[in-house]
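Undergrad: Quick one, final_22.cif (mmCIF, C-alpha atoms):
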```cif
data_structure
#
loop_
_atom_site.label_atom_id
_atom_site.label_comp_id
_atom_site.auth_asym_id
_atom_site.auth_seq_id
_atom_site.Cartn_x
_atom_site.Cartn_y
_atom_site.Cartn_z
CA MET A 482 45.75 40.15 17.04
CA ARG A 483 43.40 41.07 14.25
CA LEU A 484 39.91 42.10 15.03
CA ARG A 485 37.38 40.57 12.69
CA PHE A 486 34.04 42.15 12.04
CA PRO A 487 31.19 40.41 10.35
CA CYS A 488 30.87 41.57 6.76
CA PRO A 489 27.33 42.48 5.82
CA ALA A 490 25.78 40.51 3.02
CA PRO A 491 25.83 42.34 -0.29
CA THR A 492 22.62 44.06 -1.23
CA PHE A 493 21.29 44.52 -4.72
CA LEU A 494 18.81 46.94 -6.16
CA PRO A 495 15.69 45.16 -7.35
CA ALA A 496 15.50 44.69 -11.08
CA PRO A 497 12.64 46.44 -12.86
CA LEU A 498 9.59 44.39 -13.56
CA LYS A 499 9.69 42.70 -16.93
CA THR A 500 6.20 43.99 -17.57
CA GLU A 501 7.37 47.59 -17.44
CA THR A 502 8.23 49.34 -20.69
CA PRO A 503 12.04 49.74 -20.64
CA HIS A 504 13.29 53.28 -20.73
CA ARG A 505 14.69 54.21 -24.13
CA PRO A 506 16.91 57.32 -24.23
CA GLU A 507 16.68 57.11 -28.02
CA ILE A 508 12.93 57.69 -27.84
CA ASP A 509 13.63 60.67 -25.58
CA ALA A 510 15.78 62.01 -28.41
CA LEU A 511 12.89 61.60 -30.84
CA ARG A 512 10.70 63.50 -28.37
CA ALA A 513 13.29 66.27 -28.36
CA LEU A 514 13.08 66.61 -32.13
CA ALA A 515 9.29 66.87 -31.87
CA VAL A 516 9.25 69.49 -29.11
CA LEU A 517 11.95 71.55 -30.82
CA ALA A 518 9.88 71.59 -34.02
CA VAL A 519 6.80 72.81 -32.12
CA PHE A 520 8.88 75.36 -30.20
CA ILE A 521 10.39 76.86 -33.36
CA PHE A 522 7.02 76.96 -35.11
CA HIS A 523 5.42 78.84 -32.22
CA LEU A 524 8.40 81.19 -31.97
CA ASP A 525 8.11 82.14 -35.64
CA HIS A 526 6.21 79.93 -38.07
CA ARG A 527 8.26 81.30 -40.98
CA TRP A 528 11.35 79.57 -39.63
CA LEU A 529 9.79 76.10 -39.68
CA PRO A 530 6.38 76.16 -41.43
CA GLY A 531 5.46 72.58 -40.60
CA GLY A 532 6.84 72.48 -37.07
CA PHE A 533 3.33 72.02 -35.70
CA VAL A 534 3.40 68.39 -36.90
CA GLY A 535 5.77 67.67 -34.02
CA VAL A 536 2.52 67.07 -32.13
CA ASP A 537 1.77 64.17 -34.47
CA VAL A 538 5.16 62.66 -33.63
CA PHE A 539 4.23 62.88 -29.94
CA PHE A 540 0.97 61.06 -30.70
CA VAL A 541 2.77 58.16 -32.37
CA ILE A 542 5.26 57.85 -29.49
CA SER A 543 2.45 57.92 -26.91
CA GLY A 544 0.48 55.21 -28.70
CA TYR A 545 3.58 53.04 -28.97
CA LEU A 546 4.59 53.34 -25.31
CA ILE A 547 1.08 52.95 -23.91
CA ALA A 548 0.33 49.86 -26.00
CA SER A 549 3.75 48.34 -25.20
CA GLY A 550 3.17 48.68 -21.47
CA ILE A 551 -0.36 47.30 -21.58
CA ARG A 552 0.70 44.36 -23.75
CA ARG A 553 3.58 43.34 -21.51
CA GLN A 554 1.45 43.55 -18.37
CA GLN A 555 -1.40 41.69 -20.03
CA GLN A 556 0.95 38.88 -21.08
CA ALA A 557 2.07 38.57 -17.45
CA ASN A 558 -1.54 38.80 -16.16
CA GLN A 559 -0.61 41.92 -14.20
CA PHE A 560 -2.53 44.63 -16.00
CA SER A 561 -4.80 46.79 -13.84
CA PHE A 562 -7.01 49.58 -15.15
CA LEU A 563 -6.78 51.33 -11.78
CA LYS A 564 -2.98 51.33 -11.79
CA PHE A 565 -2.91 52.42 -15.41
CA TYR A 566 -5.02 55.51 -14.69
CA GLN A 567 -3.12 56.21 -11.47
CA ARG A 568 0.14 56.32 -13.42
CA ARG A 569 -1.36 58.55 -16.11
CA ILE A 570 -2.72 61.00 -13.55
CA ALA A 571 0.57 61.06 -11.63
CA ARG A 572 2.47 61.63 -14.87
CA LEU A 573 0.30 64.38 -16.35
CA LEU A 574 -1.69 66.22 -13.68
CA PRO A 575 0.90 67.73 -11.27
CA ALA A 576 2.93 69.39 -14.04
CA PHE A 577 -0.22 70.63 -15.74
CA LEU A 578 -1.61 72.13 -12.52
CA ALA A 579 1.67 73.88 -11.76
CA THR A 580 1.79 75.42 -15.23
CA ALA A 581 -1.91 76.32 -15.32
CA CYS A 582 -1.92 77.96 -11.87
CA ALA A 583 1.16 80.04 -12.70
CA THR A 584 -0.45 80.99 -16.01
CA LEU A 585 -3.67 82.15 -14.34
CA LEU A 586 -1.74 84.19 -11.77
CA ALA A 587 0.16 85.94 -14.57
CA ALA A 588 -3.01 86.40 -16.62
CA ARG A 589 -4.69 88.11 -13.67
CA SER A 590 -2.05 90.83 -13.79
CA LEU A 591 -1.69 91.14 -17.55
CA TYR A 592 -5.16 90.57 -18.98
CA SER A 593 -8.37 92.53 -19.10
CA ALA A 594 -11.29 91.09 -17.17
CA GLN A 595 -12.75 89.56 -20.32
CA ASP A 596 -9.51 87.89 -21.39
CA TYR A 597 -8.87 86.67 -17.84
CA ALA A 598 -12.32 85.08 -17.77
CA SER A 599 -11.53 83.41 -21.10
CA ALA A 600 -8.29 82.02 -19.67
CA GLY A 601 -10.20 80.67 -16.68
CA ALA A 602 -12.70 78.95 -18.98
CA SER A 603 -9.79 77.41 -20.90
CA PHE A 604 -8.32 76.12 -17.64
CA SER A 605 -11.63 74.50 -16.65
CA ALA A 606 -11.96 72.85 -20.06
CA ALA A 607 -8.38 71.55 -19.93
CA LEU A 608 -8.84 70.23 -16.39
CA LEU A 609 -11.92 68.31 -17.55
CA SER A 610 -10.07 66.99 -20.64
CA PHE A 611 -12.44 68.95 -22.85
CA ALA A 612 -10.18 71.67 -24.25
CA ASN A 613 -10.21 70.38 -27.82
CA HIS A 614 -14.02 70.51 -27.92
CA GLN A 615 -14.01 74.02 -26.45
CA LEU A 616 -11.56 75.24 -29.10
CA LEU A 617 -13.63 73.61 -31.81
CA GLN A 618 -16.34 76.15 -31.02
CA GLN A 619 -13.84 79.01 -31.47
CA GLY A 620 -12.71 78.08 -34.97
CA ASP A 621 -9.50 77.34 -36.84
CA TYR A 622 -6.49 76.66 -34.61
CA PHE A 623 -4.17 78.72 -36.82
CA ALA A 624 -6.55 81.70 -36.90
CA LEU A 625 -6.92 82.12 -33.13
CA SER A 626 -5.16 85.08 -31.54
CA PRO A 627 -2.26 83.69 -29.48
CA ASP A 628 -1.97 86.61 -27.05
CA ALA A 629 -5.33 85.86 -25.40
CA GLN A 630 -5.00 82.06 -25.42
CA PRO A 631 -2.26 81.09 -22.94
CA LEU A 632 -3.67 77.55 -22.62
CA LEU A 633 -4.36 77.00 -26.30
CA HIS A 634 -1.85 74.14 -26.50
CA CYS A 635 -3.72 72.14 -23.86
CA TRP A 636 -6.03 70.76 -26.55
CA THR A 637 -3.41 68.09 -27.21
CA LEU A 638 -3.49 67.02 -23.55
CA SER A 639 -7.28 66.70 -23.66
CA PHE A 640 -7.01 64.75 -26.89
CA GLU A 641 -4.54 62.26 -25.41
CA GLU A 642 -6.49 61.94 -22.17
CA GLN A 643 -9.61 61.03 -24.14
CA PHE A 644 -7.55 58.40 -25.94
CA TYR A 645 -6.19 57.05 -22.63
CA LEU A 646 -9.75 56.77 -21.32
CA LEU A 647 -10.93 54.58 -24.20
CA PHE A 648 -7.91 52.76 -25.59
CA PRO A 649 -7.01 50.42 -22.69
CA LEU A 650 -10.51 48.93 -22.63
CA CYS A 651 -10.64 48.47 -26.42
CA PHE A 652 -7.11 47.08 -26.53
CA CYS A 653 -7.70 44.59 -23.72
CA LEU A 654 -10.94 43.44 -25.31
CA LEU A 655 -9.09 42.77 -28.55
CA LEU A 656 -6.36 40.85 -26.74
CA ARG A 657 -8.85 38.72 -24.80
CA ARG A 658 -11.75 38.28 -27.20
CA ALA A 659 -9.73 37.96 -30.38
CA PRO A 660 -6.44 36.47 -29.17
CA ASN A 661 -5.56 35.13 -32.62
CA TRP A 662 -6.15 38.40 -34.47
CA PRO A 663 -5.49 41.40 -32.19
CA PHE A 664 -3.25 42.96 -34.81
CA LEU A 665 -5.98 42.78 -37.43
CA GLY A 666 -8.60 44.22 -35.06
CA LEU A 667 -6.37 47.15 -34.17
CA ALA A 668 -5.54 47.68 -37.84
CA LEU A 669 -9.26 47.91 -38.68
CA LEU A 670 -9.77 50.53 -35.97
CA THR A 671 -6.78 52.45 -37.33
CA ALA A 672 -8.13 52.32 -40.87
CA ALA A 673 -11.57 53.49 -39.74
CA SER A 674 -10.09 56.48 -37.89
CA PHE A 675 -7.87 57.37 -40.85
CA ALA A 676 -10.87 57.25 -43.20
CA CYS A 677 -12.80 59.47 -40.78
CA GLY A 678 -9.90 61.92 -40.79
CA LEU A 679 -9.83 62.05 -44.59
CA VAL A 680 -13.57 62.75 -44.79
CA LEU A 681 -13.59 65.38 -42.04
CA THR A 682 -10.51 67.13 -43.40
CA ALA A 683 -12.36 67.60 -46.68
CA THR A 684 -15.72 68.57 -45.15
CA HIS A 685 -15.08 69.93 -41.62
CA PRO A 686 -11.33 70.65 -41.33
CA THR A 687 -11.50 72.22 -37.88
CA ALA A 688 -13.25 69.14 -36.48
CA ALA A 689 -10.67 66.92 -38.17
CA PHE A 690 -7.88 68.88 -36.50
CA TYR A 691 -9.24 68.68 -32.95
CA LEU A 692 -11.39 65.58 -32.54
CA LEU A 693 -10.36 62.09 -31.45
CA PRO A 694 -12.15 60.05 -34.15
CA ALA A 695 -10.27 61.86 -36.91
CA ARG A 696 -6.79 61.62 -35.36
CA ALA A 697 -6.85 58.56 -33.12
CA TRP A 698 -5.17 56.61 -35.93
CA GLU A 699 -1.94 58.51 -35.22
CA LEU A 700 -1.76 56.91 -31.77
CA LEU A 701 -3.18 53.60 -32.98
CA VAL A 702 -0.39 53.09 -35.52
CA GLY A 703 2.03 53.39 -32.60
CA GLY A 704 -0.03 50.67 -30.91
CA LEU A 705 0.26 48.51 -34.02
CA LEU A 706 4.03 48.84 -33.95
CA ALA A 707 4.08 47.96 -30.26
CA LEU A 708 1.93 44.90 -30.88
CA ALA A 709 4.23 43.80 -33.69
CA HIS A 710 7.22 44.09 -31.35
CA THR A 711 5.69 42.33 -28.35
CA SER A 712 3.33 39.72 -29.80
CA SER A 713 4.14 36.42 -31.46
CA THR A 714 0.61 36.49 -32.85
CA ALA A 715 1.40 39.62 -34.83
CA ARG A 716 4.47 37.94 -36.27
CA ALA A 717 2.42 34.94 -37.30
CA HIS A 718 0.08 37.19 -39.28
CA SER A 719 2.73 39.58 -40.59
CA PRO A 720 3.19 40.45 -44.29
CA PRO A 721 4.68 37.85 -46.69
CA ARG A 722 8.35 36.95 -46.37
CA PRO A 723 9.55 38.79 -49.53
CA PHE A 724 7.92 42.00 -48.25
CA ARG A 725 9.55 41.58 -44.85
CA ALA A 726 12.90 40.94 -46.51
CA LEU A 727 12.56 44.12 -48.56
CA CYS A 728 11.70 46.16 -45.47
CA GLY A 729 14.68 44.63 -43.69
CA ARG A 730 17.00 45.93 -46.41
CA LEU A 731 15.53 49.44 -46.43
CA PRO A 732 17.37 52.06 -44.35
CA LEU A 733 14.26 52.84 -42.32
CA ALA A 734 15.89 55.21 -39.84
CA PRO A 735 17.35 57.59 -42.46
CA LEU A 736 14.12 57.45 -44.45
CA GLY A 737 12.11 58.17 -41.31
CA LEU A 738 14.30 61.13 -40.37
CA LEU A 739 14.04 62.44 -43.93
CA LEU A 740 10.25 62.24 -43.74
CA LEU A 741 10.20 64.03 -40.39
CA LEU A 742 12.53 66.83 -41.43
CA GLY A 743 10.70 67.20 -44.73
CA SER A 744 7.38 67.43 -42.89
CA PHE A 745 8.72 70.11 -40.54
CA ALA A 746 10.07 72.16 -43.44
CA LEU A 747 7.50 71.69 -46.21
CA ILE A 748 4.02 71.25 -44.72
CA GLN A 749 2.15 74.56 -44.50
CA GLU A 750 -0.59 75.56 -42.07
CA SER A 751 -2.66 76.68 -45.07
CA GLN A 752 -2.80 73.10 -46.40
CA PRO A 753 -5.61 70.73 -45.40
CA PHE A 754 -4.44 68.97 -42.26
CA PRO A 755 -4.43 66.30 -40.88
CA GLY A 756 -5.83 64.35 -43.86
CA ALA A 757 -3.36 62.48 -46.03
CA LEU A 758 -0.57 64.96 -45.23
CA ALA A 759 -0.38 63.60 -41.68
CA LEU A 760 0.95 60.35 -43.13
CA LEU A 761 4.34 62.02 -43.68
CA PRO A 762 5.25 62.74 -40.02
CA VAL A 763 3.42 59.65 -38.77
CA LEU A 764 5.23 57.24 -41.11
CA GLY A 765 8.50 59.03 -40.40
CA ALA A 766 8.03 58.60 -36.65
CA LEU A 767 7.07 54.93 -37.13
CA ALA A 768 10.18 54.22 -39.20
CA VAL A 769 12.48 55.82 -36.63
CA LEU A 770 10.72 54.10 -33.73
CA HIS A 771 11.00 50.71 -35.41
CA SER A 772 14.73 51.21 -36.01
CA LEU A 773 15.33 52.38 -32.45
CA SER A 774 13.42 49.44 -31.00
CA ALA A 775 15.55 47.02 -33.00
CA ALA A 776 18.70 48.29 -31.25
CA PRO A 777 19.68 47.46 -27.64
CA PRO A 778 18.25 49.84 -25.01
CA GLY A 779 20.23 52.87 -24.03
CA LEU A 780 22.73 55.03 -25.79
CA ALA A 781 25.28 52.23 -25.51
CA GLY A 782 23.37 50.48 -28.25
CA ALA A 783 23.68 53.42 -30.58
CA ALA A 784 26.61 51.79 -32.34
CA LEU A 785 24.21 49.24 -33.79
CA ALA A 786 21.91 51.96 -35.13
CA PRO A 787 22.42 53.68 -38.47
CA ARG A 788 25.16 56.31 -38.55
CA CYS A 789 22.72 59.17 -39.07
CA LEU A 790 21.15 58.30 -35.72
CA THR A 791 24.44 58.07 -33.86
CA GLY A 792 25.42 61.43 -35.32
CA ALA A 793 22.21 63.32 -34.63
CA LEU A 794 19.29 61.56 -33.01
CA LEU A 795 21.04 59.66 -30.23
CA LEU A 796 23.17 62.46 -28.82
CA PRO A 797 22.92 62.46 -25.01
CA PRO A 798 22.02 66.18 -24.83
CA LEU A 799 19.12 65.56 -27.18
CA ALA A 800 17.92 62.66 -25.05
CA ALA A 801 18.17 64.85 -21.93
CA LEU A 802 16.07 67.49 -23.66
CA GLY A 803 13.52 64.84 -24.58
CA ARG A 804 13.09 63.87 -20.94
CA LEU A 805 11.98 67.46 -20.29
CA SER A 806 9.74 67.62 -23.36
CA TYR A 807 6.43 67.48 -21.48
CA SER A 808 7.37 70.34 -19.17
CA LEU A 809 8.86 72.34 -22.02
CA TYR A 810 5.69 71.87 -24.03
CA LEU A 811 3.52 72.98 -21.10
CA TRP A 812 5.52 76.12 -20.28
CA HIS A 813 6.64 77.45 -23.66
CA TRP A 814 3.24 78.50 -25.01
CA PRO A 815 2.03 80.59 -22.02
CA ILE A 816 5.35 82.46 -22.08
CA PHE A 817 5.03 83.14 -25.82
CA SER A 818 1.42 84.16 -25.36
CA PHE A 819 2.20 86.65 -22.58
CA VAL A 820 5.12 88.12 -24.54
CA ASP A 821 2.76 88.72 -27.48
#
```
Using the file provided, produce a representation of the structure as structure tokens.

TA:
Amino acid sequence: MRLRFPCPAPTFLPAPLKTETPHRPEIDALRALAVLAVFIFHLDHRWLPGGFVGVDVFFVISGYLIASGIRRQQQANQFSFLKFYQRRIARLLPAFLATACATLLAARSLYSAQDYASAGASFSAALLSFANHQLLQQGDYFALSPDAQPLLHCWTLSFEEQFYLLFPLCFCLLLRRAPNWPFLGLALLTAASFACGLVLTATHPTAAFYLLPARAWELLVGGLLALAHTSSTARAHSPPRPFRALCGRLPLAPLGLLLLLGSFALIQESQPFPGALALLPVLGALAVLHSLSAAPPGLAGAALAPRCLTGALLLPPLAALGRLSYSLYLWHWPIFSFVD
């Protein structure tokens, strides 16, 4: 006689919400390129003179991902400002606090009382998302002494947090108040910020380097790309068909990678930046992002991407490194600073 036991019903993991931005390992690989460029520049700027523009690549990626998520949730009537800020805080704050507390403990042992007080002031400014304004009072980023500035790199976190504070409200207003022309409204904001960056780079270069009005366009162009990928309205008001056909024939991914690598190798810290020079890494990141977004998610879709991406950008180890890019960025500079 056979004993029969009731078979439990199969269970399935819930599918991710359609409003969530799908995870793209390819974008993690692009993050890895950016953080490696910054890492090499900070290790020895002679090895990669323009490696600091990896930060600009991060800005474009952040703008693209943030705008994509907001747009999808807004289309499904599920966007919440409270949840948006909760996710941002959960993503950024714990890792920052861990790094900053370890940095202050090390600084207490290594620094003089004056330098330790300076590090504490930098921590307070970074915690309040004000580090870029504090550094503006100290002068040129490239002229500051690295050995007494273990939290110097936190200006980029403050910059992005200021953007996160303002962008969701502006973006949602555009989507609701100007539903037929959100792409145009965002493009006008981008153009205004770019013009501000050009003027400040020529007149007050340190302010242009640190302040949101002069560099917000680098995140906003990522938002434009996200809107073009997620909105039928943007397609309706896209460039003329011959122009689109020409862009479709261009090898955007190889061109984008060429722009990025050229920016890392050729841009010098002595040149006026951001200004027009920032177009090189920003357009390069946009071209690569657009090509990656056209391919299926995941590394399994790499076969549909250009060969240069399958050979270099979409390698799994590079994508794994990109997933650690935020932590690597946080920790590398204090270590370099203490070694100096």

Undergrad: Please report, as a Markdown table, each residue of segment 633-711 of chain A lying at most 7 Å from segment 755-767 of chain A, together with the nearest pair of atoms and the separation in Å rounded to one decimal; use all atoms listed in the file, and order rows by chain and ascending residue number.

TA:
```
| residue | atom | partner | partner_atom | distance |
| --- | --- | --- | --- | --- |
| A:Gly678 | CA | A:Gly756 | CA | 5.6 |
| A:Leu679 | CA | A:Gly756 | CA | 4.7 |
| A:Thr682 | CA | A:Gly756 | CA | 5.5 |
| A:Ala689 | CA | A:Pro755 | CA | 6.8 |
| A:Phe690 | CA | A:Pro755 | CA | 6.1 |
| A:Glu699 | CA | A:Val763 | CA | 6.5 |
| A:Gly703 | CA | A:Leu767 | CA | 6.9 |
```

Undergrad: Please compute the atom CA of Phe604 of chain A-atom CA of Ala579 of chain A distance, one decimal, in Å.

TA: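 These atoms are spaced 11.8 Å apart.
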
Undergrad: The PyMOL selection byres ((chain A and resi 811) around 8) on the file shown: which residues, as a count of residues only?

TA: 13

Undergrad: In terms of the shortest atom-to-atom distance over only C-alpha atoms, which of A:Phe560, A:Ala668, A:Leu638, A:Cys677 is closest to Leu655 of chain A?

TA: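 Under the stated criterion, the closest residue is A:Ala668.
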
Undergrad: Pick from A:Pro649, A:Gly704, A:Gly620, A:Pro732: nearest to Tyr691 of chain A, with only C-alpha atoms counted?

TA: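 Using only C-alpha atoms, Tyr691 of chain A sits closest to A:Gly620.
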
Undergrad: In Å to one decimal, how far is atom CA of Phe675 of chain A from atom CA of Gln615 of chain A?

TA: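 Distance between the two atoms: 22.9 Å.
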
Undergrad: How many Å lie between atom CA of Cys651 of chain A and atom CA of Arg505 of chain A, rounded to one decimal?

TA: 26.1 Å

Undergrad: Assuming the chain letters and numbering stay as they are in my file, what does the PyMOL selection byres ((chain A and resi 533) around 10) actually select? List them as a ChimeraX atom specification.

TA: /A:515-523,526,529-532,534-538,744-745,748-750

Undergrad: Hey, which of A:Val820, A:Ala583, A:Ala768, A:Leu742 ends up closest to Leu514 of chain A? Count all atoms listed in the file.

TA: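 Smallest distance to Leu514 of chain A is found for A:Leu742.
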
Undergrad: With distances taken over all atoms listed in the file, which residue among A:Ser590, A:Gln630, A:Thr637, A:Asn613 lies nearest Thr687 of chain A?

TA: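 Looking only at the distances to Thr687 of chain A, the closest residue turns out to be A:Asn613.
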
Undergrad: Calculate, to one decimal in Å, the centre and edge lengths of the box along x, y and z of the file that holds all listed atoms of segment 683-688 of chain A with 8 Å of margin on each side, and present them as AutoDock Vina command-line options.

TA:
```
--center_x -13.5 --center_y 69.9 --center_z -41.6 --size_x 20.4 --size_y 20.6 --size_z 26.2
```

Undergrad: Would you please work out which residue, of A:Ala801, A:Leu747, A:Leu706, A:Leu585, is nearest to Leu546 of chain A when using only C-alpha atoms?

TA: A:Leu706

Undergrad: Pick out the closest residue to Leu667 of chain A from this set: A:Leu586, A:Leu632, A:Ala548, A:Leu574. Count all atoms listed in the file.

TA: A:Ala548

Undergrad: Rebuild N, CA and C atoms on segment 509-520 of chain A, as an mmCIF file, keeping the file's coordinate frame?

TA:
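Result file rebuild-v2.cif:
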```cif
data_model
loop_
_atom_site.group_PDB
_atom_site.id
_atom_site.type_symbol
_atom_site.label_atom_id
_atom_site.label_comp_id
_atom_site.auth_asym_id
_atom_site.auth_seq_id
_atom_site.Cartn_x
_atom_site.Cartn_y
_atom_site.Cartn_z
ATOM 1 N N ASP A 509 13.564 59.308 -26.129
ATOM 2 C CA ASP A 509 13.630 60.670 -25.580
ATOM 3 C C ASP A 509 14.211 61.630 -26.618
ATOM 4 N N ALA A 510 15.199 61.161 -27.382
ATOM 5 C CA ALA A 510 15.780 62.010 -28.410
ATOM 6 C C ALA A 510 14.770 62.326 -29.506
ATOM 7 N N LEU A 511 13.939 61.356 -29.845
ATOM 8 C CA LEU A 511 12.890 61.600 -30.840
ATOM 9 C C LEU A 511 11.876 62.604 -30.290
ATOM 10 N N ARG A 512 11.564 62.497 -29.009
ATOM 11 C CA ARG A 512 10.700 63.500 -28.370
ATOM 12 C C ARG A 512 11.305 64.897 -28.479
ATOM 13 N N ALA A 513 12.618 64.969 -28.289
ATOM 14 C CA ALA A 513 13.290 66.270 -28.360
ATOM 15 C C ALA A 513 13.135 66.896 -29.738
ATOM 16 N N LEU A 514 13.275 66.092 -30.787
ATOM 17 C CA LEU A 514 13.080 66.610 -32.130
ATOM 18 C C LEU A 514 11.662 67.170 -32.290
ATOM 19 N N ALA A 515 10.685 66.444 -31.744
ATOM 20 C CA ALA A 515 9.290 66.870 -31.870
ATOM 21 C C ALA A 515 9.038 68.178 -31.134
ATOM 22 N N VAL A 516 9.525 68.273 -29.892
ATOM 23 C CA VAL A 516 9.250 69.490 -29.110
ATOM 24 C C VAL A 516 10.016 70.680 -29.667
ATOM 25 N N LEU A 517 11.208 70.454 -30.204
ATOM 26 C CA LEU A 517 11.950 71.550 -30.820
ATOM 27 C C LEU A 517 11.221 72.076 -32.059
ATOM 28 N N ALA A 518 10.636 71.161 -32.840
ATOM 29 C CA ALA A 518 9.880 71.590 -34.020
ATOM 30 C C ALA A 518 8.696 72.455 -33.621
ATOM 31 N N VAL A 519 7.950 72.030 -32.591
ATOM 32 C CA VAL A 519 6.800 72.810 -32.120
ATOM 33 C C VAL A 519 7.263 74.152 -31.568
ATOM 34 N N PHE A 520 8.346 74.135 -30.802
ATOM 35 C CA PHE A 520 8.880 75.360 -30.200
ATOM 36 C C PHE A 520 9.241 76.381 -31.277
#
```
